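Text of the file final-v6.cif, holding mmCIF, N, CA and C atoms:
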```cif
data_start
#
loop_
_atom_site.label_atom_id
_atom_site.label_comp_id
_atom_site.auth_asym_id
_atom_site.auth_seq_id
_atom_site.Cartn_x
_atom_site.Cartn_y
_atom_site.Cartn_z
N MET A 1 0.86 -1.17 0.00
CA MET A 1 0.00 0.00 0.00
C MET A 1 0.91 1.24 0.00
N ASP A 2 0.61 2.18 -0.86
CA ASP A 2 1.47 3.36 -0.91
C ASP A 2 1.05 4.38 0.17
N ARG A 3 1.89 5.38 0.33
CA ARG A 3 1.70 6.37 1.39
C ARG A 3 0.36 7.09 1.28
N LEU A 4 -0.05 7.45 0.08
CA LEU A 4 -1.32 8.16 -0.09
C LEU A 4 -2.50 7.29 0.35
N ASP A 5 -2.46 6.01 -0.01
CA ASP A 5 -3.53 5.10 0.42
C ASP A 5 -3.60 5.01 1.95
N ILE A 6 -2.46 4.96 2.58
CA ILE A 6 -2.43 4.90 4.04
C ILE A 6 -2.99 6.19 4.64
N GLU A 7 -2.61 7.33 4.07
CA GLU A 7 -3.11 8.62 4.56
C GLU A 7 -4.63 8.70 4.43
N LEU A 8 -5.15 8.29 3.28
CA LEU A 8 -6.60 8.31 3.07
C LEU A 8 -7.32 7.36 4.04
N TYR A 9 -6.73 6.20 4.24
CA TYR A 9 -7.33 5.24 5.16
C TYR A 9 -7.32 5.80 6.59
N ALA A 10 -6.24 6.43 6.98
CA ALA A 10 -6.14 7.01 8.32
C ALA A 10 -7.20 8.11 8.52
N GLU A 11 -7.42 8.91 7.49
CA GLU A 11 -8.45 9.95 7.57
C GLU A 11 -9.83 9.33 7.69
N ARG A 12 -10.10 8.31 6.91
CA ARG A 12 -11.39 7.63 6.97
C ARG A 12 -11.61 7.03 8.35
N LEU A 13 -10.59 6.43 8.89
CA LEU A 13 -10.65 5.82 10.21
C LEU A 13 -10.90 6.88 11.29
N ALA A 14 -10.27 8.03 11.16
CA ALA A 14 -10.47 9.12 12.12
C ALA A 14 -11.92 9.61 12.08
N ARG A 15 -12.49 9.71 10.89
CA ARG A 15 -13.91 10.12 10.78
C ARG A 15 -14.82 9.09 11.43
N HIS A 16 -14.51 7.84 11.22
CA HIS A 16 -15.32 6.78 11.81
C HIS A 16 -15.21 6.81 13.34
N ALA A 17 -14.01 7.03 13.84
CA ALA A 17 -13.82 7.12 15.29
C ALA A 17 -14.61 8.29 15.86
N GLU A 18 -14.62 9.39 15.16
CA GLU A 18 -15.36 10.57 15.62
C GLU A 18 -16.87 10.28 15.67
N ARG A 19 -17.38 9.64 14.64
CA ARG A 19 -18.82 9.29 14.62
C ARG A 19 -19.17 8.33 15.75
N THR A 20 -18.30 7.36 15.99
CA THR A 20 -18.54 6.39 17.05
C THR A 20 -18.49 7.07 18.41
N ALA A 21 -17.55 7.99 18.59
CA ALA A 21 -17.47 8.73 19.85
C ALA A 21 -18.72 9.58 20.06
N ASP A 22 -19.21 10.18 18.99
CA ASP A 22 -20.46 10.96 19.09
C ASP A 22 -21.64 10.06 19.46
N ASP A 23 -21.72 8.89 18.85
CA ASP A 23 -22.79 7.94 19.17
C ASP A 23 -22.71 7.52 20.64
N LEU A 24 -21.50 7.29 21.12
CA LEU A 24 -21.30 6.89 22.51
C LEU A 24 -21.72 8.01 23.46
N ALA A 25 -21.34 9.24 23.15
CA ALA A 25 -21.74 10.37 23.98
C ALA A 25 -23.25 10.52 24.02
N ASP A 26 -23.90 10.32 22.88
CA ASP A 26 -25.36 10.41 22.81
C ASP A 26 -26.00 9.32 23.66
N ALA A 27 -25.50 8.11 23.58
CA ALA A 27 -26.06 7.00 24.37
C ALA A 27 -25.86 7.23 25.86
N ARG A 28 -24.71 7.77 26.24
CA ARG A 28 -24.47 8.07 27.66
C ARG A 28 -25.42 9.16 28.16
N LEU A 29 -25.71 10.13 27.31
CA LEU A 29 -26.66 11.17 27.68
C LEU A 29 -28.05 10.57 27.86
N ARG A 30 -28.44 9.70 26.94
CA ARG A 30 -29.75 9.05 27.06
C ARG A 30 -29.83 8.20 28.32
N GLU A 31 -28.71 7.59 28.73
CA GLU A 31 -28.67 6.84 29.99
C GLU A 31 -28.91 7.77 31.18
N ALA A 32 -28.29 8.93 31.14
CA ALA A 32 -28.48 9.91 32.22
C ALA A 32 -29.93 10.37 32.27
N TRP A 33 -30.54 10.58 31.12
CA TRP A 33 -31.95 10.97 31.07
C TRP A 33 -32.82 9.87 31.68
N TRP A 34 -32.46 8.63 31.38
CA TRP A 34 -33.22 7.50 31.92
C TRP A 34 -33.22 7.57 33.45
N GLU A 35 -32.08 7.87 34.03
CA GLU A 35 -32.00 7.97 35.49
C GLU A 35 -32.91 9.07 36.01
N LEU A 36 -32.93 10.21 35.34
CA LEU A 36 -33.84 11.29 35.74
C LEU A 36 -35.29 10.85 35.61
N GLU A 37 -35.59 10.17 34.52
CA GLU A 37 -36.95 9.73 34.27
C GLU A 37 -37.40 8.69 35.29
N GLN A 38 -36.48 7.83 35.72
CA GLN A 38 -36.83 6.84 36.73
C GLN A 38 -37.26 7.52 38.03
N GLU A 39 -36.56 8.57 38.40
CA GLU A 39 -36.93 9.32 39.61
C GLU A 39 -38.30 9.97 39.41
N ALA A 40 -38.55 10.51 38.23
CA ALA A 40 -39.83 11.17 37.96
C ALA A 40 -40.99 10.18 37.94
N ARG A 41 -40.74 8.96 37.48
CA ARG A 41 -41.81 7.97 37.38
C ARG A 41 -42.47 7.69 38.72
N SER A 42 -41.70 7.78 39.80
CA SER A 42 -42.28 7.48 41.12
C SER A 42 -43.35 8.50 41.51
N ASP A 43 -43.32 9.68 40.91
CA ASP A 43 -44.32 10.71 41.20
C ASP A 43 -45.43 10.76 40.15
N LEU A 44 -45.38 9.91 39.16
CA LEU A 44 -46.38 9.89 38.09
C LEU A 44 -47.32 8.70 38.25
N THR A 45 -48.51 8.86 37.75
CA THR A 45 -49.40 7.70 37.69
C THR A 45 -48.97 6.82 36.53
N ALA A 46 -49.44 5.58 36.56
CA ALA A 46 -49.13 4.67 35.46
C ALA A 46 -49.67 5.21 34.14
N ALA A 47 -50.85 5.83 34.20
CA ALA A 47 -51.45 6.40 32.98
C ALA A 47 -50.60 7.55 32.45
N ASP A 48 -50.11 8.41 33.35
CA ASP A 48 -49.25 9.51 32.91
C ASP A 48 -47.95 8.98 32.31
N ALA A 49 -47.36 7.98 32.95
CA ALA A 49 -46.11 7.41 32.44
C ALA A 49 -46.33 6.83 31.04
N ALA A 50 -47.43 6.10 30.88
CA ALA A 50 -47.73 5.51 29.56
C ALA A 50 -47.95 6.59 28.52
N ARG A 51 -48.67 7.65 28.90
CA ARG A 51 -48.93 8.75 27.97
C ARG A 51 -47.61 9.42 27.58
N LEU A 52 -46.74 9.66 28.55
CA LEU A 52 -45.46 10.32 28.28
C LEU A 52 -44.53 9.43 27.45
N GLU A 53 -44.61 8.13 27.66
CA GLU A 53 -43.84 7.22 26.81
C GLU A 53 -44.34 7.31 25.37
N GLY A 54 -45.67 7.37 25.22
CA GLY A 54 -46.27 7.49 23.89
C GLY A 54 -45.86 8.76 23.18
N LEU A 55 -45.64 9.81 23.95
CA LEU A 55 -45.21 11.09 23.38
C LEU A 55 -43.69 11.13 23.13
N GLY A 56 -43.00 10.11 23.62
CA GLY A 56 -41.55 10.08 23.45
C GLY A 56 -40.81 10.88 24.50
N LEU A 57 -41.51 11.26 25.56
CA LEU A 57 -40.89 12.07 26.62
C LEU A 57 -40.31 11.22 27.75
N LEU A 58 -40.73 9.98 27.84
CA LEU A 58 -40.13 9.03 28.77
C LEU A 58 -39.67 7.83 27.96
N ILE A 59 -38.52 7.32 28.32
CA ILE A 59 -37.96 6.15 27.63
C ILE A 59 -38.55 4.90 28.29
N PRO A 60 -39.18 4.03 27.51
CA PRO A 60 -39.72 2.79 28.08
C PRO A 60 -38.58 1.89 28.57
N PRO A 61 -38.82 1.10 29.62
CA PRO A 61 -37.75 0.24 30.16
C PRO A 61 -37.04 -0.64 29.14
N PRO A 62 -37.75 -1.28 28.18
CA PRO A 62 -37.00 -2.10 27.20
C PRO A 62 -36.02 -1.26 26.37
N VAL A 63 -36.41 -0.04 26.04
CA VAL A 63 -35.52 0.85 25.27
C VAL A 63 -34.32 1.24 26.13
N ALA A 64 -34.57 1.50 27.41
CA ALA A 64 -33.47 1.86 28.32
C ALA A 64 -32.44 0.74 28.40
N ALA A 65 -32.92 -0.50 28.45
CA ALA A 65 -32.00 -1.64 28.49
C ALA A 65 -31.17 -1.70 27.21
N ALA A 66 -31.81 -1.43 26.07
CA ALA A 66 -31.09 -1.42 24.79
C ALA A 66 -30.06 -0.30 24.76
N ILE A 67 -30.40 0.84 25.35
CA ILE A 67 -29.44 1.95 25.40
C ILE A 67 -28.21 1.55 26.21
N GLY A 68 -28.44 0.89 27.33
CA GLY A 68 -27.31 0.43 28.15
C GLY A 68 -26.41 -0.53 27.39
N ARG A 69 -27.04 -1.45 26.65
CA ARG A 69 -26.24 -2.38 25.83
C ARG A 69 -25.50 -1.61 24.73
N GLY A 70 -26.15 -0.58 24.19
CA GLY A 70 -25.51 0.24 23.16
C GLY A 70 -24.28 0.96 23.66
N VAL A 71 -24.34 1.44 24.91
CA VAL A 71 -23.17 2.10 25.50
C VAL A 71 -22.01 1.12 25.60
N GLU A 72 -22.31 -0.08 26.07
CA GLU A 72 -21.26 -1.10 26.18
C GLU A 72 -20.67 -1.44 24.82
N GLU A 73 -21.54 -1.62 23.84
CA GLU A 73 -21.08 -1.96 22.49
C GLU A 73 -20.23 -0.84 21.89
N ARG A 74 -20.71 0.40 21.98
CA ARG A 74 -19.98 1.53 21.41
C ARG A 74 -18.64 1.74 22.12
N THR A 75 -18.59 1.46 23.41
CA THR A 75 -17.34 1.57 24.15
C THR A 75 -16.32 0.56 23.60
N ARG A 76 -16.79 -0.67 23.38
CA ARG A 76 -15.89 -1.69 22.80
C ARG A 76 -15.53 -1.35 21.36
N ASP A 77 -16.50 -0.84 20.59
CA ASP A 77 -16.22 -0.43 19.21
C ASP A 77 -15.12 0.62 19.16
N LEU A 78 -15.26 1.63 20.00
CA LEU A 78 -14.30 2.73 19.99
C LEU A 78 -12.91 2.25 20.41
N ALA A 79 -12.85 1.35 21.38
CA ALA A 79 -11.55 0.81 21.79
C ALA A 79 -10.90 0.04 20.65
N ALA A 80 -11.68 -0.74 19.91
CA ALA A 80 -11.13 -1.49 18.77
C ALA A 80 -10.66 -0.54 17.67
N ILE A 81 -11.44 0.51 17.42
CA ILE A 81 -11.05 1.49 16.41
C ILE A 81 -9.74 2.15 16.81
N HIS A 82 -9.59 2.49 18.08
CA HIS A 82 -8.35 3.12 18.53
C HIS A 82 -7.16 2.18 18.39
N ARG A 83 -7.37 0.89 18.63
CA ARG A 83 -6.28 -0.07 18.43
C ARG A 83 -5.88 -0.13 16.96
N LEU A 84 -6.88 -0.13 16.07
CA LEU A 84 -6.58 -0.13 14.63
C LEU A 84 -5.88 1.16 14.23
N GLN A 85 -6.31 2.28 14.80
CA GLN A 85 -5.66 3.55 14.48
C GLN A 85 -4.19 3.52 14.87
N ALA A 86 -3.86 2.92 15.99
CA ALA A 86 -2.46 2.83 16.42
C ALA A 86 -1.63 2.05 15.41
N ILE A 87 -2.20 0.98 14.90
CA ILE A 87 -1.49 0.18 13.88
C ILE A 87 -1.30 1.00 12.61
N VAL A 88 -2.35 1.66 12.16
CA VAL A 88 -2.28 2.46 10.94
C VAL A 88 -1.29 3.62 11.11
N GLU A 89 -1.27 4.21 12.29
CA GLU A 89 -0.32 5.31 12.52
C GLU A 89 1.12 4.81 12.45
N ARG A 90 1.38 3.60 12.93
CA ARG A 90 2.73 3.03 12.80
C ARG A 90 3.08 2.83 11.33
N GLN A 91 2.11 2.33 10.55
CA GLN A 91 2.34 2.14 9.11
C GLN A 91 2.53 3.49 8.42
N ARG A 92 1.77 4.46 8.86
CA ARG A 92 1.87 5.82 8.29
C ARG A 92 3.26 6.40 8.54
N ALA A 93 3.73 6.25 9.77
CA ALA A 93 5.07 6.76 10.11
C ALA A 93 6.15 6.04 9.30
N ALA A 94 5.99 4.73 9.14
CA ALA A 94 6.97 3.96 8.37
C ALA A 94 6.95 4.41 6.91
N ALA A 95 5.76 4.66 6.36
CA ALA A 95 5.65 5.10 4.97
C ALA A 95 6.28 6.48 4.79
N ARG A 96 6.12 7.34 5.77
CA ARG A 96 6.73 8.67 5.70
C ARG A 96 8.25 8.57 5.72
N GLN A 97 8.75 7.70 6.57
CA GLN A 97 10.21 7.55 6.64
C GLN A 97 10.75 6.94 5.35
N THR A 98 10.01 6.02 4.78
CA THR A 98 10.42 5.38 3.53
C THR A 98 10.46 6.40 2.39
N SER A 99 9.51 7.33 2.42
CA SER A 99 9.47 8.32 1.34
C SER A 99 10.38 9.51 1.62
N GLY A 100 11.12 9.46 2.71
CA GLY A 100 12.08 10.52 3.00
C GLY A 100 11.53 11.66 3.83
N GLU A 101 10.29 11.58 4.26
CA GLU A 101 9.73 12.63 5.10
C GLU A 101 10.06 12.33 6.55
N ARG A 102 10.04 13.38 7.32
CA ARG A 102 10.23 13.19 8.76
C ARG A 102 8.90 12.75 9.36
N ALA A 103 8.96 11.88 10.37
CA ALA A 103 7.76 11.38 11.02
C ALA A 103 7.11 12.45 11.91
N ILE A 104 7.89 13.45 12.31
CA ILE A 104 7.31 14.51 13.12
C ILE A 104 6.92 15.65 12.21
N SER A 105 5.96 16.44 12.67
CA SER A 105 5.49 17.54 11.81
C SER A 105 6.53 18.63 11.76
N ARG A 106 6.56 19.30 10.63
CA ARG A 106 7.50 20.40 10.43
C ARG A 106 6.81 21.71 10.75
N PRO A 107 7.56 22.67 11.30
CA PRO A 107 6.93 23.97 11.57
C PRO A 107 6.58 24.66 10.25
N PRO A 108 5.51 25.47 10.27
CA PRO A 108 5.15 26.17 9.04
C PRO A 108 6.27 27.12 8.59
N SER A 109 6.36 27.29 7.28
CA SER A 109 7.40 28.20 6.77
C SER A 109 7.00 29.63 7.08
N SER A 110 7.99 30.48 7.14
CA SER A 110 7.73 31.88 7.47
C SER A 110 7.74 32.76 6.22
N SER A 111 7.36 32.19 5.09
CA SER A 111 7.36 32.98 3.85
C SER A 111 6.11 33.77 3.67
#
```
Would you write the structure of this file as structure tokens?
Amino acid sequence: MDRLDIELYAERLARHAERTADDLADARLREAWWELEQEARSDLTAADAARLEGLGLLIPPPVAAAIGRGVEERTRDLAAIHRLQAIVERQRAAARQTSGERAISRPPSSS
């Protein structure tokens, strides 16, 4: 694989990692909302809770369980992506050295 292919792959991987991190942050936020909603449910009637679930304002318990599993999955996904990124970065550095570039970034020119 040539240097340009590695660079493009690394960029694609970085975008994927960013999307996965965003998904994970969203799922963690939904988990926090679930905790708030659980506290609120104790002060609501069953009819109110059902109505609010129907409106999408309360997360039903089966959905909350799926969110929890989603957090676990996304956490493992992101860890695997980071491990792949480390491998690609080593290949990227090797490709730069092979092509005569320095592996560290150069300061911008003052022209």
Query raised in the report: Residues at most 9 Å from Ile6 in chain A, counting only C-alpha atoms, excluding those fewer than 2 positions away in the same chain, as a PyMOL selection string?
Result: chain A and resi 1-4+8-11+88-89+91-92+95
Requested in this report: Just give me the gap between CA of Ile67 in chain A and atom C of Asp26 in chain A in Å, one decimal is fine.
Outcome: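 If I compute the distance from CA of Ile67 in chain A to atom C of Asp26 in chain A, I get 8.3 Å.
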Report task. Give me, please, the distance in Å between atom C of Leu29 in chain A and CA of Ala79 in chain A, quoted to one decimal. Result ->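 So the two atoms, atom C of Leu29 in chain A and CA of Ala79 in chain A, lie 20.1 Å apart.
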Query raised in the report: Would you give me, as a VMD selection string, the residues in chain A that DSSP reads as alpha helix (DSSP H)?
Result: chain A and resid 3 to 41 46 to 54 61 to 98
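Here CA of Glu7 in chain A is placed at a distance of 17.3 Å from atom N of Ile81 in chain A.
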Kindly provide, as a PDB file with N, CA and C atoms, keeping the file's coordinate frame, the polymer residues lying within 12 Å of (-43.6, 8.1, 37.2), counting only C-alpha atoms and using the coordinates exactly as they appear in the file.
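What ended up in out_23.pdb:
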```pdb
ATOM      1  N   TRP A  34     -32.460   8.630  31.380  1.00  0.00           N
ATOM      2  CA  TRP A  34     -33.220   7.500  31.920  1.00  0.00           C
ATOM      3  C   TRP A  34     -33.220   7.570  33.450  1.00  0.00           C
ATOM      4  N   GLU A  35     -32.080   7.870  34.030  1.00  0.00           N
ATOM      5  CA  GLU A  35     -32.000   7.970  35.490  1.00  0.00           C
ATOM      6  C   GLU A  35     -32.910   9.070  36.010  1.00  0.00           C
ATOM      7  N   LEU A  36     -32.930  10.210  35.340  1.00  0.00           N
ATOM      8  CA  LEU A  36     -33.840  11.290  35.740  1.00  0.00           C
ATOM      9  C   LEU A  36     -35.290  10.850  35.610  1.00  0.00           C
ATOM     10  N   GLU A  37     -35.590  10.170  34.520  1.00  0.00           N
ATOM     11  CA  GLU A  37     -36.950   9.730  34.270  1.00  0.00           C
ATOM     12  C   GLU A  37     -37.400   8.690  35.290  1.00  0.00           C
ATOM     13  N   GLN A  38     -36.480   7.830  35.720  1.00  0.00           N
ATOM     14  CA  GLN A  38     -36.830   6.840  36.730  1.00  0.00           C
ATOM     15  C   GLN A  38     -37.260   7.520  38.030  1.00  0.00           C
ATOM     16  N   GLU A  39     -36.560   8.570  38.400  1.00  0.00           N
ATOM     17  CA  GLU A  39     -36.930   9.320  39.610  1.00  0.00           C
ATOM     18  C   GLU A  39     -38.300   9.970  39.410  1.00  0.00           C
ATOM     19  N   ALA A  40     -38.550  10.510  38.230  1.00  0.00           N
ATOM     20  CA  ALA A  40     -39.830  11.170  37.960  1.00  0.00           C
ATOM     21  C   ALA A  40     -40.990  10.180  37.940  1.00  0.00           C
ATOM     22  N   ARG A  41     -40.740   8.960  37.480  1.00  0.00           N
ATOM     23  CA  ARG A  41     -41.810   7.970  37.380  1.00  0.00           C
ATOM     24  C   ARG A  41     -42.470   7.690  38.720  1.00  0.00           C
ATOM     25  N   SER A  42     -41.700   7.780  39.800  1.00  0.00           N
ATOM     26  CA  SER A  42     -42.280   7.480  41.120  1.00  0.00           C
ATOM     27  C   SER A  42     -43.350   8.500  41.510  1.00  0.00           C
ATOM     28  N   ASP A  43     -43.320   9.680  40.910  1.00  0.00           N
ATOM     29  CA  ASP A  43     -44.320  10.710  41.200  1.00  0.00           C
ATOM     30  C   ASP A  43     -45.430  10.760  40.150  1.00  0.00           C
ATOM     31  N   LEU A  44     -45.380   9.910  39.160  1.00  0.00           N
ATOM     32  CA  LEU A  44     -46.380   9.890  38.090  1.00  0.00           C
ATOM     33  C   LEU A  44     -47.320   8.700  38.250  1.00  0.00           C
ATOM     34  N   THR A  45     -48.510   8.860  37.750  1.00  0.00           N
ATOM     35  CA  THR A  45     -49.400   7.700  37.690  1.00  0.00           C
ATOM     36  C   THR A  45     -48.970   6.820  36.530  1.00  0.00           C
ATOM     37  N   ALA A  46     -49.440   5.580  36.560  1.00  0.00           N
ATOM     38  CA  ALA A  46     -49.130   4.670  35.460  1.00  0.00           C
ATOM     39  C   ALA A  46     -49.670   5.210  34.140  1.00  0.00           C
ATOM     40  N   ALA A  47     -50.850   5.830  34.200  1.00  0.00           N
ATOM     41  CA  ALA A  47     -51.450   6.400  32.980  1.00  0.00           C
ATOM     42  C   ALA A  47     -50.600   7.550  32.450  1.00  0.00           C
ATOM     43  N   ASP A  48     -50.110   8.410  33.350  1.00  0.00           N
ATOM     44  CA  ASP A  48     -49.250   9.510  32.910  1.00  0.00           C
ATOM     45  C   ASP A  48     -47.950   8.980  32.310  1.00  0.00           C
ATOM     46  N   ALA A  49     -47.360   7.980  32.950  1.00  0.00           N
ATOM     47  CA  ALA A  49     -46.110   7.410  32.440  1.00  0.00           C
ATOM     48  C   ALA A  49     -46.330   6.830  31.040  1.00  0.00           C
ATOM     49  N   ALA A  50     -47.430   6.100  30.880  1.00  0.00           N
ATOM     50  CA  ALA A  50     -47.730   5.510  29.560  1.00  0.00           C
ATOM     51  C   ALA A  50     -47.950   6.590  28.520  1.00  0.00           C
ATOM     52  N   ARG A  51     -48.670   7.650  28.900  1.00  0.00           N
ATOM     53  CA  ARG A  51     -48.930   8.750  27.970  1.00  0.00           C
ATOM     54  C   ARG A  51     -47.610   9.420  27.580  1.00  0.00           C
ATOM     55  N   LEU A  52     -46.740   9.660  28.550  1.00  0.00           N
ATOM     56  CA  LEU A  52     -45.460  10.320  28.280  1.00  0.00           C
ATOM     57  C   LEU A  52     -44.530   9.430  27.450  1.00  0.00           C
ATOM     58  N   GLU A  53     -44.610   8.130  27.660  1.00  0.00           N
ATOM     59  CA  GLU A  53     -43.840   7.220  26.810  1.00  0.00           C
ATOM     60  C   GLU A  53     -44.340   7.310  25.370  1.00  0.00           C
ATOM     61  N   LEU A  57     -41.510  11.260  25.560  1.00  0.00           N
ATOM     62  CA  LEU A  57     -40.890  12.070  26.620  1.00  0.00           C
ATOM     63  C   LEU A  57     -40.310  11.220  27.750  1.00  0.00           C
ATOM     64  N   LEU A  58     -40.730   9.980  27.840  1.00  0.00           N
ATOM     65  CA  LEU A  58     -40.130   9.030  28.770  1.00  0.00           C
ATOM     66  C   LEU A  58     -39.670   7.830  27.960  1.00  0.00           C
ATOM     67  N   ILE A  59     -38.520   7.320  28.320  1.00  0.00           N
ATOM     68  CA  ILE A  59     -37.960   6.150  27.630  1.00  0.00           C
ATOM     69  C   ILE A  59     -38.550   4.900  28.290  1.00  0.00           C
ATOM     70  N   PRO A  60     -39.180   4.030  27.510  1.00  0.00           N
ATOM     71  CA  PRO A  60     -39.720   2.790  28.080  1.00  0.00           C
ATOM     72  C   PRO A  60     -38.580   1.890  28.570  1.00  0.00           C
TER      73      PRO A  60
END
```
How would you write, as a PDB file with N, CA and C atoms, in the coordinates of the input, the residues chosen by the PyMOL selection byres (((chain A and resi 78 and name CA) around 12) and name CA) on this structure?
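Final output, saved to expr-v9.pdb:
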```pdb
ATOM      1  N   LEU A  13     -10.590   6.430   8.890  1.00  0.00           N
ATOM      2  CA  LEU A  13     -10.650   5.820  10.210  1.00  0.00           C
ATOM      3  C   LEU A  13     -10.900   6.880  11.290  1.00  0.00           C
ATOM      4  N   ALA A  14     -10.270   8.030  11.160  1.00  0.00           N
ATOM      5  CA  ALA A  14     -10.470   9.120  12.120  1.00  0.00           C
ATOM      6  C   ALA A  14     -11.920   9.610  12.080  1.00  0.00           C
ATOM      7  N   ARG A  15     -12.490   9.710  10.890  1.00  0.00           N
ATOM      8  CA  ARG A  15     -13.910  10.120  10.780  1.00  0.00           C
ATOM      9  C   ARG A  15     -14.820   9.090  11.430  1.00  0.00           C
ATOM     10  N   HIS A  16     -14.510   7.840  11.220  1.00  0.00           N
ATOM     11  CA  HIS A  16     -15.320   6.780  11.810  1.00  0.00           C
ATOM     12  C   HIS A  16     -15.210   6.810  13.340  1.00  0.00           C
ATOM     13  N   ALA A  17     -14.010   7.030  13.840  1.00  0.00           N
ATOM     14  CA  ALA A  17     -13.820   7.120  15.290  1.00  0.00           C
ATOM     15  C   ALA A  17     -14.610   8.290  15.860  1.00  0.00           C
ATOM     16  N   GLU A  18     -14.620   9.390  15.160  1.00  0.00           N
ATOM     17  CA  GLU A  18     -15.360  10.570  15.620  1.00  0.00           C
ATOM     18  C   GLU A  18     -16.870  10.280  15.670  1.00  0.00           C
ATOM     19  N   ARG A  19     -17.380   9.640  14.640  1.00  0.00           N
ATOM     20  CA  ARG A  19     -18.820   9.290  14.620  1.00  0.00           C
ATOM     21  C   ARG A  19     -19.170   8.330  15.750  1.00  0.00           C
ATOM     22  N   THR A  20     -18.300   7.360  15.990  1.00  0.00           N
ATOM     23  CA  THR A  20     -18.540   6.390  17.050  1.00  0.00           C
ATOM     24  C   THR A  20     -18.490   7.070  18.410  1.00  0.00           C
ATOM     25  N   ALA A  21     -17.550   7.990  18.590  1.00  0.00           N
ATOM     26  CA  ALA A  21     -17.470   8.730  19.850  1.00  0.00           C
ATOM     27  C   ALA A  21     -18.720   9.580  20.060  1.00  0.00           C
ATOM     28  N   ASP A  22     -19.210  10.180  18.990  1.00  0.00           N
ATOM     29  CA  ASP A  22     -20.460  10.960  19.090  1.00  0.00           C
ATOM     30  C   ASP A  22     -21.640  10.060  19.460  1.00  0.00           C
ATOM     31  N   ASP A  23     -21.720   8.890  18.850  1.00  0.00           N
ATOM     32  CA  ASP A  23     -22.790   7.940  19.170  1.00  0.00           C
ATOM     33  C   ASP A  23     -22.710   7.520  20.640  1.00  0.00           C
ATOM     34  N   LEU A  24     -21.500   7.290  21.120  1.00  0.00           N
ATOM     35  CA  LEU A  24     -21.300   6.890  22.510  1.00  0.00           C
ATOM     36  C   LEU A  24     -21.720   8.010  23.460  1.00  0.00           C
ATOM     37  N   ALA A  25     -21.340   9.240  23.150  1.00  0.00           N
ATOM     38  CA  ALA A  25     -21.740  10.370  23.980  1.00  0.00           C
ATOM     39  C   ALA A  25     -23.250  10.520  24.020  1.00  0.00           C
ATOM     40  N   GLY A  70     -26.150  -0.580  24.190  1.00  0.00           N
ATOM     41  CA  GLY A  70     -25.510   0.240  23.160  1.00  0.00           C
ATOM     42  C   GLY A  70     -24.280   0.960  23.660  1.00  0.00           C
ATOM     43  N   VAL A  71     -24.340   1.440  24.910  1.00  0.00           N
ATOM     44  CA  VAL A  71     -23.170   2.100  25.500  1.00  0.00           C
ATOM     45  C   VAL A  71     -22.010   1.120  25.600  1.00  0.00           C
ATOM     46  N   GLU A  72     -22.310  -0.080  26.070  1.00  0.00           N
ATOM     47  CA  GLU A  72     -21.260  -1.100  26.180  1.00  0.00           C
ATOM     48  C   GLU A  72     -20.670  -1.440  24.820  1.00  0.00           C
ATOM     49  N   GLU A  73     -21.540  -1.620  23.840  1.00  0.00           N
ATOM     50  CA  GLU A  73     -21.080  -1.960  22.490  1.00  0.00           C
ATOM     51  C   GLU A  73     -20.230  -0.840  21.890  1.00  0.00           C
ATOM     52  N   ARG A  74     -20.710   0.400  21.980  1.00  0.00           N
ATOM     53  CA  ARG A  74     -19.980   1.530  21.410  1.00  0.00           C
ATOM     54  C   ARG A  74     -18.640   1.740  22.120  1.00  0.00           C
ATOM     55  N   THR A  75     -18.590   1.460  23.410  1.00  0.00           N
ATOM     56  CA  THR A  75     -17.340   1.570  24.150  1.00  0.00           C
ATOM     57  C   THR A  75     -16.320   0.560  23.600  1.00  0.00           C
ATOM     58  N   ARG A  76     -16.790  -0.670  23.380  1.00  0.00           N
ATOM     59  CA  ARG A  76     -15.890  -1.690  22.800  1.00  0.00           C
ATOM     60  C   ARG A  76     -15.530  -1.350  21.360  1.00  0.00           C
ATOM     61  N   ASP A  77     -16.500  -0.840  20.590  1.00  0.00           N
ATOM     62  CA  ASP A  77     -16.220  -0.430  19.210  1.00  0.00           C
ATOM     63  C   ASP A  77     -15.120   0.620  19.160  1.00  0.00           C
ATOM     64  N   ALA A  79     -12.850   1.350  21.380  1.00  0.00           N
ATOM     65  CA  ALA A  79     -11.550   0.810  21.790  1.00  0.00           C
ATOM     66  C   ALA A  79     -10.900   0.040  20.650  1.00  0.00           C
ATOM     67  N   ALA A  80     -11.680  -0.740  19.910  1.00  0.00           N
ATOM     68  CA  ALA A  80     -11.130  -1.490  18.770  1.00  0.00           C
ATOM     69  C   ALA A  80     -10.660  -0.540  17.670  1.00  0.00           C
ATOM     70  N   ILE A  81     -11.440   0.510  17.420  1.00  0.00           N
ATOM     71  CA  ILE A  81     -11.050   1.490  16.410  1.00  0.00           C
ATOM     72  C   ILE A  81      -9.740   2.150  16.810  1.00  0.00           C
ATOM     73  N   HIS A  82      -9.590   2.490  18.080  1.00  0.00           N
ATOM     74  CA  HIS A  82      -8.350   3.120  18.530  1.00  0.00           C
ATOM     75  C   HIS A  82      -7.160   2.180  18.390  1.00  0.00           C
ATOM     76  N   ARG A  83      -7.370   0.890  18.630  1.00  0.00           N
ATOM     77  CA  ARG A  83      -6.280  -0.070  18.430  1.00  0.00           C
ATOM     78  C   ARG A  83      -5.880  -0.130  16.960  1.00  0.00           C
ATOM     79  N   LEU A  84      -6.880  -0.130  16.070  1.00  0.00           N
ATOM     80  CA  LEU A  84      -6.580  -0.130  14.630  1.00  0.00           C
ATOM     81  C   LEU A  84      -5.880   1.160  14.230  1.00  0.00           C
ATOM     82  N   GLN A  85      -6.310   2.280  14.800  1.00  0.00           N
ATOM     83  CA  GLN A  85      -5.660   3.550  14.480  1.00  0.00           C
ATOM     84  C   GLN A  85      -4.190   3.520  14.870  1.00  0.00           C
TER      85      GLN A  85
END
```
As AutoDock Vina command-line options, what would the box around range 22-25 of chain A look like: edges along x, y and z, 3 Å added on every side, centre and edge lengths in Å to one decimal?
```
--center_x -21.2 --center_y 8.9 --center_z 21.4 --size_x 10.0 --size_y 10.1 --size_z 11.2
```
